Protein chains: 2
Amino acid sequence: MKLKVNDMGIATGRAQIVILNKKDAATYDLHPEDRIFIKKGKQKTIAILDVAESKAVPPGRIGMFKEVVHILQAKQNDTVSIELAEKPQSFAFIKKKLGKEELNKEEIYQIVQDIVDHKLSQIELTTWVIANYMTGMSVREIVYLTEAMTQTGIVLGLKNKVVGDLHSIGGVPGNRMTMITIPICVAAGVVMPKTSSRAITSPAGTADTMEVFAPVVQPIKVLKNILQKIGGFIVWGGAINLAPADEMVITVESPLQIDAEGQMIASIMAKKASVNATHLVLEIPYGVGAKIPNKQEGERLGNLFSLVGEKLGIKVKVVLTDGSSPIGNGIGPALEAKDVLLVLHNDAKAPSDLRKKSLQFASHLLEFTGKVKKGEGLQKATEILESGKALKTFTAMVNAQGGKMLQSNHIQTGKKMYHVTAHKKGILKHIDNYLIAKLARLAGAPQDKGAGIYLFKKKGDAVVKGEKIFTIYAHNAQELDFSATVCKQKHCVEIQ
Amino acid sequence: MKLKVNDMGIATGRAQIVILNKKDAATYDLHPEDRIFIKKGKQKTIAILDVAESKAVPPGRIGMFKEVVHILQAKQNDTVSIELAEKPQSFAFIKKKLGKEELNKEEIYQIVQDIVDHKLSQIELTTWVIANYMTGMSVREIVYLTEAMTQTGIVLGLKNKVVGDLHSIGGVPGNRMTMITIPICVAAGVVMPKTSSRAITSPAGTADTMEVFAPVVQPIKVLKNILQKIGGFIVWGGAINLAPADEMVITVESPLQIDAEGQMIASIMAKKASVNATHLVLEIPYGVGAKIPNKQEGERLGNLFSLVGEKLGIKVKVVLTDGSSPIGNGIGPALEAKDVLLVLHNDAKAPSDLRKKSLQFASHLLEFTGKVKKGEGLQKATEILESGKALKTFTAMVNAQGGKMLQSNHIQTGKKMYHVTAHKKGILKHIDNYLIAKLARLAGAPQDKGAGIYLFKKKGDAVVKGEKIFTIYAHNAQELDFSATVCKQKHCVEIQ
């Protein structure tokens with residue numbers, strides 16, 4: 001059957017979707033979620049059908065979202081032919097998992113390939129995520145999933161015997177130790193190809209903060225050169241297409257506020273395998289407000305990471321930490337970058353919690369990768385930091401990535417400010433981390449590097465009436481107003 | 001924040017969805033699947049957010065699907081204000097079920113209410129369906145679900161002590177016994193308010209076939225009058241909004257080709273509760289090609305129906321039948337209607353399998369509702385059919401529903417025909433039921449009442465070369481061509 005193209009002018013970044021008018025769908029006996037083979041001259045694709053009552057897509061027309069328009073190189077009013085197509089191969093494998101059966105290597109590989117190729121509908125992708133969430137995955141399945149996610153993306157292709165990596169399963173605000181720990185280890189001679197994430201719902205990811213100093217999007221070739229010259233980098237993983245299946249899965253997990261364990265382990269380990277990591281130090285913060293509620297759970301999860309790592313040839317050292325408090329004072333890219341610089345400069349005003357944690361993890365990495373003997377890591381790390389070698393290495397990394405090293409007072413923060421002061425004398429009992437993060441985002445972070453929040457006081461600190469607790473920074477008055485308005489409505493801090 | 005309306009001109013019949021440009025979403029820190037509170041003067045609603053790169057929805061604009069346009073009474077270029085809203089209450093309960101916990105009455109009621117109000121996103125609805133599918137539901141949960149589905153729709157409100165009902169869990173083509181069994185029972189004095197379904201993926205539902213004779217869409221008031229006057233009707237359940245949550249769940253189950261047991265039981269029982277049924281005869285066809293693979297499974301499912309029925313005050317009699325063969329010769333509304341008339345007229349050409357099955361189920365109903373003693377049902381049913389009383393009652397029902405009784409030869413079938421004949425002498429080993437149904441639909445059924453297929457031969461029959469096996473009927477040449485083309489490409493029949 002022949003239909004004329006209606007370009008809907010919308011790109012959603014998800015599966016390929018086309019729309020038929022209800023009347024045409026009835027005539028051709030087609031149903032929502034059917035697969036439709038579409039041909040336009042030599043171009044062809046398979047899209048997922050939606051059926052609508054629509055003036056925008058009258059009978060005789062096929063509404064196309066940008067993803068389909070692009071693949072078919074279609075224009076408004078072009079003629080295409082369509083016919084019913086089969087569901088993708090992985091549909092049967094998703095049904096198998098739904099039946100609580102264990103999947104084999106080929107089946108998991110096919111599912112991941114179809115996810116990456118945007119072939120699964122939202123219903124199918126959700127079914128895959130939920131089925132895994134509910135039945136769990138065997139270690140074997142997690143390993144296959146990791147391998148499939150690695151292979152459907154870019155792989156760095158290093159052949160070094162020892163490649164270090166650092167990861168935190170996250171959930172702790174302001175945790176920017178990466179930008180201090182990595183230079184310390186690189187200065188000690190450990191190869192550290194660090195890929196970081198950008199913020200999704202937080203005010204800054206490590207990639208956003210690193211970007212205050214240097215571009216974090218680099219071609220693979222440049223990254224390999226930097227590794228050879230300096231031994232490490234800190235870039236945005238998303239730009240080099242590592243394990244891209246992860247992003248699609250997140251479109252389902254994020255609105256459901258779930259993090260399916262097998263999927264999470266595979267996503268993290270796939271990114272490590274993509275940069276050929278051999279030694280991974282993994283932080284698992286636990287405690288009230290963290291992702292992992294208690295130590296026991298943290299240990300169980302850590303063991304699972306180690307088991308999967310073993311099958312992949314990646315040694316994993318798990319470090320459990322107290323995840324109930326934020327680390328550092330700045331929240332938002334520029335304000336966090338200032339914290340990092342203060343530590344690297346051994347400045348007396350540097351947040352001591354950030355300094356301590358960075359040294360601790362550098363110590364773990366130095367000992368784990370065999371750079372120093374057991375028990376000597378902390379001394380070595382401290383020496384590198386205090387001697388200025390860490391700062392020197394960080395500067396070299398920044399320059400190699402095409403950036404320019406800044407002084408702390410040259411880092412621009414938002415010119416518009418809103419101060420939150422203590423309404424009475426007392427002890428700061430509580431700062432609402434979730435709300436603080438939200439205020440920083442409303443003020444413009446992470447898009448506006450200089451937007452965010454600076455905490456002058458932390459939980460447990462004494463305050464007197466009128467003393468500053470935190471300041472909201474923004475670049476323009478409207479965004480400051482968004483943030484300040486929400487701040488006034490809600491209780492961000494509690495003084496007793 | 002204020003935005004101008006872009007009417008997308010599309011209605012999908014699903015959740016309320018709005019689209020923001022990627023830039024605006026970043027500025028306001030909004031994410032796909034977030035809930036957005038929208039206000040236009042006094043009109044307000046909560047919609048689900050989609051984020052797109054789009055010329056159709058530039059910054060400063062909000063793209064609205066018809067469902068939202070309608071509720072807000074919005075027009076192109078109207079100004080609306082938006083803000084972030086909470087997820088619906090039932091989100092937490094769906095998450096609870098995802099955690100494999102049993103839900104209580106209030107939780108299930110809230111979920112069903114939110115489903116009916118189109119408040120759940122496709123991801124959330126899929127999660128609900130899959131979580132139930134994977135953990136199963138307790139009898140208590142099924143009962144709550146049934147009650148919630150009943151109460152969110154129309155209820156007939158009968159107060160009769162005995163109200164009979166008949167249901168088949170389906171999967172057997174051409175099974176039109178309802179239109180014979182019901183008049184027999186009504187003629188015997190059983191009150192039978194029969195609601196039937198239209199075809200979704202089959203060539204005809206009972207409602208489609210009944211419509212050959214009479215309108216199947218009737219106001220509740222008219223239905224009550226008919227019950228008082230005649231004692232029974234056969235109408236389309238969909239038109240009277242019985243248990244409407246079912247339709248939304250089907251949008252997920254149908255493309256996944258699953259039928260979650262608890263949901264299925266609740267859907268069926270809710271429709272029975274809605275018409276105040278007290279005695280339900282339930283057919284469970286089992287065997288190769290049927291929904292239920294074997295007798296044991298059929299018995300287990302039957303017990304579950306009985307248990308749920310008990311809590312709802314509905315007595316359930318389960319009848320297990322051989323579901324491996326089709327019943328009757330006609331497929332498609334008019335052709336099936338002809339079969340029904342032949343049986344009601346006691347015509348020698350009537351399909352004997354359809355006649356036998358109709359009498360069998362009438363017998364069960366008469367005995368179960370206490371109209372006759374045990375062992376006397378078949379005799380009574382046969383007497384009513386052979387005396388012409390069943391035909392007379394059916395005629396009265398047709399007239400009461402505003403229709404007109406037809407003679408078999410006055411039922412119009414498609415003028416365009418395509419005959420499939422035996423390519424050699426032998427025994428008909430196989431007719432592909434799925435394909436036969438597909439051919440009937442491509443020929444125009446159920447929209448074109450006269451379109452469909454008439455089977456001259458059935459499995460096991462002897463054929464000689466050139467003898468007609470079946471005929472495809474269509475109203476226009478194009479649809480006959482669609483069907484015939486597929487018929488030529490595929491092997492519909494096998495002769496040995």
# chains A, B, ... in the order shown; residues from 1 in each chain; ligands from 1
>>> select_by_dssp(residues="stretch 76-198 of chain A", states="helix (DSSP H, G or I)", output="VMD selection string")
chain A and resid 90 to 98 105 to 116 122 to 135 139 to 151 178 to 187
>>> residues_around(residues="stretch 251-256 of chain B", least_positions_apart="6", cutoff="10 Å", atoms="only C-alpha atoms", output="PyMOL selection string")
(chain A and resi 31-34+87+91-92+94-95+121+123-124+127) or (chain B and resi 14+122-123+125-130+133+200-201)
>>> interface_residues(of="chain B", to="chain A", cutoff="6 Å", atoms="only C-alpha atoms", output="PyMOL selection string")
chain B and resi 9-12+52-56
>>> write_last_selection(atoms="N, CA and C atoms", output="CSV table (one decimal), in the first residue's frame")
chain,number,residue,atom,x,y,z
B,9,GLY,N,-2.8,18.2,16.8
B,9,GLY,CA,-3.8,17.6,15.9
B,9,GLY,C,-3.9,16.1,15.9
B,10,ILE,N,-3.4,15.5,17.0
B,10,ILE,CA,-3.4,14.1,17.1
B,10,ILE,C,-4.0,13.6,18.4
B,11,ALA,N,-4.9,12.6,18.3
B,11,ALA,CA,-5.5,12.0,19.4
B,11,ALA,C,-5.0,10.5,19.4
B,12,THR,N,-4.5,10.0,20.6
B,12,THR,CA,-4.0,8.7,20.6
B,12,THR,C,-4.9,7.8,21.4
B,52,ALA,N,11.4,17.0,23.2
B,52,ALA,CA,11.8,16.7,21.8
B,52,ALA,C,12.6,17.8,21.2
B,53,GLU,N,13.5,17.5,20.3
B,53,GLU,CA,14.1,18.5,19.5
B,53,GLU,C,13.1,18.6,18.3
B,54,SER,N,12.6,19.8,18.1
B,54,SER,CA,11.5,19.9,17.3
B,54,SER,C,11.2,21.3,16.7
B,55,LYS,N,11.1,21.4,15.4
B,55,LYS,CA,10.6,22.6,14.8
B,55,LYS,C,9.1,22.8,15.1
B,56,ALA,N,8.4,21.7,15.2
B,56,ALA,CA,7.0,21.7,15.4
B,56,ALA,C,6.7,22.3,16.8
>>> residues_around(residues="A:Leu307", least_positions_apart="4", cutoff="9 Å", atoms="only C-alpha atoms", output="NGL selection string")
:A and (139 or 302-303 or 311-312 or 316)
>>> select_by_dssp(residues="stretch 95-226 of chain A", states="strand (DSSP E)", output="ChimeraX atom specification")
/A:164-168,192-196
>>> write_last_selection(atoms="N, CA and C atoms", output="PDB file, in the first residue's frame")
ATOM      1  N   GLY A 164      44.286   1.527  35.559  1.00  0.00           N
ATOM      2  CA  GLY A 164      43.491   1.779  36.753  1.00  0.00           C
ATOM      3  C   GLY A 164      42.189   2.491  36.434  1.00  0.00           C
ATOM      4  N   ASP A 165      41.207   2.291  37.305  1.00  0.00           N
ATOM      5  CA  ASP A 165      39.959   3.039  37.148  1.00  0.00           C
ATOM      6  C   ASP A 165      39.331   3.239  38.517  1.00  0.00           C
ATOM      7  N   LEU A 166      38.490   4.239  38.586  1.00  0.00           N
ATOM      8  CA  LEU A 166      37.872   4.632  39.852  1.00  0.00           C
ATOM      9  C   LEU A 166      36.402   4.860  39.569  1.00  0.00           C
ATOM     10  N   HIS A 167      35.561   4.325  40.431  1.00  0.00           N
ATOM     11  CA  HIS A 167      34.131   4.538  40.223  1.00  0.00           C
ATOM     12  C   HIS A 167      33.408   4.598  41.559  1.00  0.00           C
ATOM     13  N   SER A 168      32.400   5.457  41.614  1.00  0.00           N
ATOM     14  CA  SER A 168      31.531   5.458  42.776  1.00  0.00           C
ATOM     15  C   SER A 168      30.121   5.173  42.292  1.00  0.00           C
ATOM     16  N   MET A 192      45.445   6.009  33.818  1.00  0.00           N
ATOM     17  CA  MET A 192      44.063   6.193  34.288  1.00  0.00           C
ATOM     18  C   MET A 192      43.189   6.883  33.228  1.00  0.00           C
ATOM     19  N   PRO A 193      42.578   6.119  32.339  1.00  0.00           N
ATOM     20  CA  PRO A 193      41.688   6.700  31.330  1.00  0.00           C
ATOM     21  C   PRO A 193      40.290   6.872  31.919  1.00  0.00           C
ATOM     22  N   LYS A 194      40.054   8.005  32.548  1.00  0.00           N
ATOM     23  CA  LYS A 194      38.812   8.153  33.318  1.00  0.00           C
ATOM     24  C   LYS A 194      37.695   8.765  32.469  1.00  0.00           C
ATOM     25  N   THR A 195      36.625   7.998  32.318  1.00  0.00           N
ATOM     26  CA  THR A 195      35.431   8.544  31.657  1.00  0.00           C
ATOM     27  C   THR A 195      34.399   8.808  32.743  1.00  0.00           C
ATOM     28  N   SER A 196      33.815   9.982  32.682  1.00  0.00           N
ATOM     29  CA  SER A 196      32.846  10.375  33.701  1.00  0.00           C
ATOM     30  C   SER A 196      31.514  10.695  33.051  1.00  0.00           C
TER      31      SER A 196
END
>>> atom_distance(atom1="atom CA of B:Ala214", atom2="atom CA of B:Gln401")
6.0 Å
>>> residues_around(residues="B:Ser267", least_positions_apart="2", cutoff="9 Å", atoms="only C-alpha atoms", output="list in words")
Leu145, Thr146, Met149, Thr150, Ala243, Ala245, Asp246, Gly262, Gln263, Met264, Ile265, Met269, Ala270, Lys271 and Lys272 of chain B
>>> atom_distance(atom1="atom CA of B:Ala422", atom2="atom CA of B:Ile469")
6.4 Å
>>> atom_distance(atom1="atom CA of B:Ile292", atom2="atom CA of B:Thr321")
10.4 Å
>>> residues_around(residues="B:Asn104", least_positions_apart="6", cutoff="12 Å", atoms="only C-alpha atoms", output="PyMOL selection string")
chain B and resi 93-94+96-97+110-111+137-145+148
>>> residues_around(residues="A:Val18", least_positions_apart="3", cutoff="8 Å", atoms="only C-alpha atoms", output="PyMOL selection string")
chain A and resi 47-50+62-65+68
>>> write_last_selection(atoms="C-alpha atoms", output="PDB file, in the first residue's frame")
ATOM      1  CA  ALA A  47       9.173   1.415  12.360  1.00  0.00           C
ATOM      2  CA  ILE A  48       6.680   0.966  15.165  1.00  0.00           C
ATOM      3  CA  LEU A  49       3.083   1.889  14.397  1.00  0.00           C
ATOM      4  CA  ASP A  50       0.936   4.262  16.348  1.00  0.00           C
ATOM      5  CA  ILE A  62       1.786   8.397   7.131  1.00  0.00           C
ATOM      6  CA  GLY A  63       3.036  10.623   9.958  1.00  0.00           C
ATOM      7  CA  MET A  64       6.770  10.271  10.511  1.00  0.00           C
ATOM      8  CA  PHE A  65       8.887  11.374  13.446  1.00  0.00           C
ATOM      9  CA  VAL A  68      12.242   7.857  10.468  1.00  0.00           C
TER      10      VAL A  68
END
>>> residues_around(residues="stretch 229-238 of chain B", least_positions_apart="6", cutoff="9 Å", atoms="only C-alpha atoms", output="MDAnalysis selection string")
chainID B and resid 178:179 182:183 185:187 189:198 206:208 210:211 215:218 223 244 247 271 393:394 396:398 400:401
>>> write_last_selection(atoms="N, CA, C and O atoms", output="CSV table (one decimal), in the first residue's frame")
chain,number,residue,atom,x,y,z
B,178,THR,N,-23.2,-18.5,21.5
B,178,THR,CA,-24.0,-17.6,22.3
B,178,THR,C,-25.3,-17.2,21.7
B,178,THR,O,-26.3,-17.1,22.4
B,179,MET,N,-25.4,-16.9,20.4
B,179,MET,CA,-26.6,-16.4,19.8
B,179,MET,C,-27.7,-17.5,19.7
B,179,MET,O,-28.8,-17.2,19.3
B,182,ILE,N,-28.2,-18.5,24.3
B,182,ILE,CA,-29.0,-17.4,25.0
B,182,ILE,C,-30.5,-17.5,24.8
B,182,ILE,O,-31.3,-17.5,25.7
B,183,PRO,N,-30.9,-17.4,23.5
B,183,PRO,CA,-32.4,-17.5,23.2
B,183,PRO,C,-33.0,-18.8,23.8
B,183,PRO,O,-34.1,-18.7,24.3
B,185,CYS,N,-32.2,-20.4,26.5
B,185,CYS,CA,-32.3,-20.2,28.0
B,185,CYS,C,-33.3,-19.1,28.3
B,185,CYS,O,-34.1,-19.3,29.3
B,186,VAL,N,-33.3,-18.0,27.5
B,186,VAL,CA,-34.3,-17.0,27.8
B,186,VAL,C,-35.7,-17.5,27.5
B,186,VAL,O,-36.7,-17.2,28.3
B,187,ALA,N,-35.9,-18.3,26.5
B,187,ALA,CA,-37.2,-19.0,26.2
B,187,ALA,C,-37.6,-19.8,27.4
B,187,ALA,O,-38.8,-20.0,27.7
B,189,GLY,N,-37.0,-19.1,30.4
B,189,GLY,CA,-37.3,-18.2,31.6
B,189,GLY,C,-36.1,-17.8,32.4
B,189,GLY,O,-36.3,-17.2,33.4
B,190,VAL,N,-34.9,-18.0,31.9
B,190,VAL,CA,-33.7,-17.6,32.6
B,190,VAL,C,-33.4,-16.1,32.2
B,190,VAL,O,-33.5,-15.8,31.0
B,191,VAL,N,-33.2,-15.2,33.1
B,191,VAL,CA,-32.8,-13.8,32.8
B,191,VAL,C,-31.3,-13.8,32.3
B,191,VAL,O,-30.5,-14.3,33.0
B,192,MET,N,-31.1,-13.3,31.1
B,192,MET,CA,-29.7,-13.4,30.5
B,192,MET,C,-29.3,-12.1,29.9
B,192,MET,O,-29.5,-11.9,28.7
B,193,PRO,N,-28.7,-11.2,30.7
B,193,PRO,CA,-28.3,-9.9,30.1
B,193,PRO,C,-26.8,-10.1,29.5
B,193,PRO,O,-25.9,-9.9,30.2
B,194,LYS,N,-26.8,-10.5,28.3
B,194,LYS,CA,-25.5,-10.9,27.7
B,194,LYS,C,-24.8,-9.8,27.1
B,194,LYS,O,-25.3,-9.2,26.1
B,195,THR,N,-23.6,-9.4,27.6
B,195,THR,CA,-22.7,-8.5,26.9
B,195,THR,C,-21.6,-9.2,26.2
B,195,THR,O,-21.0,-10.1,26.8
B,196,SER,N,-21.4,-8.9,25.0
B,196,SER,CA,-20.3,-9.5,24.2
B,196,SER,C,-19.3,-8.5,23.7
B,196,SER,O,-19.5,-7.3,23.8
B,197,SER,N,-18.2,-9.1,23.2
B,197,SER,CA,-17.2,-8.2,22.7
B,197,SER,C,-17.2,-8.1,21.2
B,197,SER,O,-17.8,-9.0,20.5
B,198,ARG,N,-16.6,-7.1,20.7
B,198,ARG,CA,-16.3,-7.0,19.3
B,198,ARG,C,-15.0,-7.6,19.0
B,198,ARG,O,-14.2,-7.8,19.9
B,206,THR,N,-18.9,-11.8,18.9
B,206,THR,CA,-20.4,-12.1,19.0
B,206,THR,C,-21.1,-10.8,18.7
B,206,THR,O,-22.2,-10.7,18.0
B,207,ALA,N,-20.6,-9.6,19.3
B,207,ALA,CA,-21.3,-8.4,19.1
B,207,ALA,C,-21.3,-8.0,17.6
B,207,ALA,O,-22.3,-7.5,17.1
B,208,ASP,N,-20.3,-8.3,16.9
B,208,ASP,CA,-20.2,-7.9,15.4
B,208,ASP,C,-21.3,-8.8,14.7
B,208,ASP,O,-21.9,-8.3,13.7
B,210,MET,N,-24.0,-10.3,16.0
B,210,MET,CA,-25.4,-9.9,16.4
B,210,MET,C,-25.8,-8.7,15.6
B,210,MET,O,-27.0,-8.6,15.3
B,211,GLU,N,-24.9,-7.8,15.3
B,211,GLU,CA,-25.2,-6.6,14.7
B,211,GLU,C,-25.7,-6.7,13.3
B,211,GLU,O,-26.3,-5.8,12.7
B,215,PRO,N,-29.1,-3.4,16.2
B,215,PRO,CA,-28.1,-2.6,16.9
B,215,PRO,C,-27.7,-3.2,18.2
B,215,PRO,O,-28.5,-3.8,18.9
B,216,VAL,N,-26.3,-3.1,18.5
B,216,VAL,CA,-25.8,-3.7,19.7
B,216,VAL,C,-25.4,-2.7,20.7
B,216,VAL,O,-24.8,-3.0,21.8
B,217,VAL,N,-25.6,-1.4,20.3
B,217,VAL,CA,-25.3,-0.3,21.2
B,217,VAL,C,-26.7,0.2,21.8
B,217,VAL,O,-27.5,0.7,21.0
B,218,GLN,N,-26.9,0.1,23.1
B,218,GLN,CA,-28.1,0.5,23.7
B,218,GLN,C,-27.9,1.2,25.0
B,218,GLN,O,-27.1,0.8,25.8
B,223,LEU,N,-31.9,-1.3,27.9
B,223,LEU,CA,-31.6,-2.6,28.2
B,223,LEU,C,-32.4,-3.2,29.4
B,223,LEU,O,-32.9,-4.3,29.3
B,244,PRO,N,-14.1,-0.3,32.2
B,244,PRO,CA,-13.3,0.3,31.1
B,244,PRO,C,-11.8,0.2,31.3
B,244,PRO,O,-11.0,0.3,30.4
B,247,GLU,N,-9.7,-2.1,28.8
B,247,GLU,CA,-9.3,-1.6,27.5
B,247,GLU,C,-7.9,-1.0,27.5
B,247,GLU,O,-7.1,-1.2,26.6
B,271,LYS,N,-16.9,-7.8,34.3
B,271,LYS,CA,-18.0,-7.6,33.4
B,271,LYS,C,-19.3,-8.4,33.8
B,271,LYS,O,-20.4,-8.0,33.5
B,393,THR,N,-37.9,-16.5,20.4
B,393,THR,CA,-37.3,-15.6,21.4
B,393,THR,C,-36.1,-14.7,20.8
B,393,THR,O,-36.0,-13.6,21.1
B,394,PHE,N,-35.3,-15.4,19.9
B,394,PHE,CA,-34.3,-14.6,19.3
B,394,PHE,C,-34.9,-13.5,18.4
B,394,PHE,O,-34.4,-12.3,18.5
B,396,ALA,N,-37.7,-12.0,19.0
B,396,ALA,CA,-38.2,-11.0,19.9
B,396,ALA,C,-37.0,-10.1,20.4
B,396,ALA,O,-37.2,-8.9,20.6
B,397,MET,N,-35.9,-10.7,20.7
B,397,MET,CA,-34.7,-10.0,21.1
B,397,MET,C,-34.3,-9.0,20.1
B,397,MET,O,-33.9,-7.8,20.3
B,398,VAL,N,-34.2,-9.5,18.8
B,398,VAL,CA,-33.8,-8.7,17.7
B,398,VAL,C,-34.7,-7.5,17.5
B,398,VAL,O,-34.2,-6.3,17.4
B,400,ALA,N,-36.7,-6.1,19.8
B,400,ALA,CA,-36.6,-5.3,21.0
B,400,ALA,C,-35.3,-4.4,20.9
B,400,ALA,O,-35.3,-3.2,21.4
B,401,GLN,N,-34.3,-4.9,20.3
B,401,GLN,CA,-33.1,-4.1,20.2
B,401,GLN,C,-33.1,-3.2,19.0
B,401,GLN,O,-32.1,-2.5,18.6
>>> closest_residue(among="A:Leu342, A:Lys449, A:Leu406, A:Val281", to="A:Ala362", atoms="only C-alpha atoms")
A:Val281
>>> closest_residue(among="A:Ile314, A:Leu365, A:Ile71, A:Ala440", to="A:Leu378", atoms="only C-alpha atoms")
A:Leu365
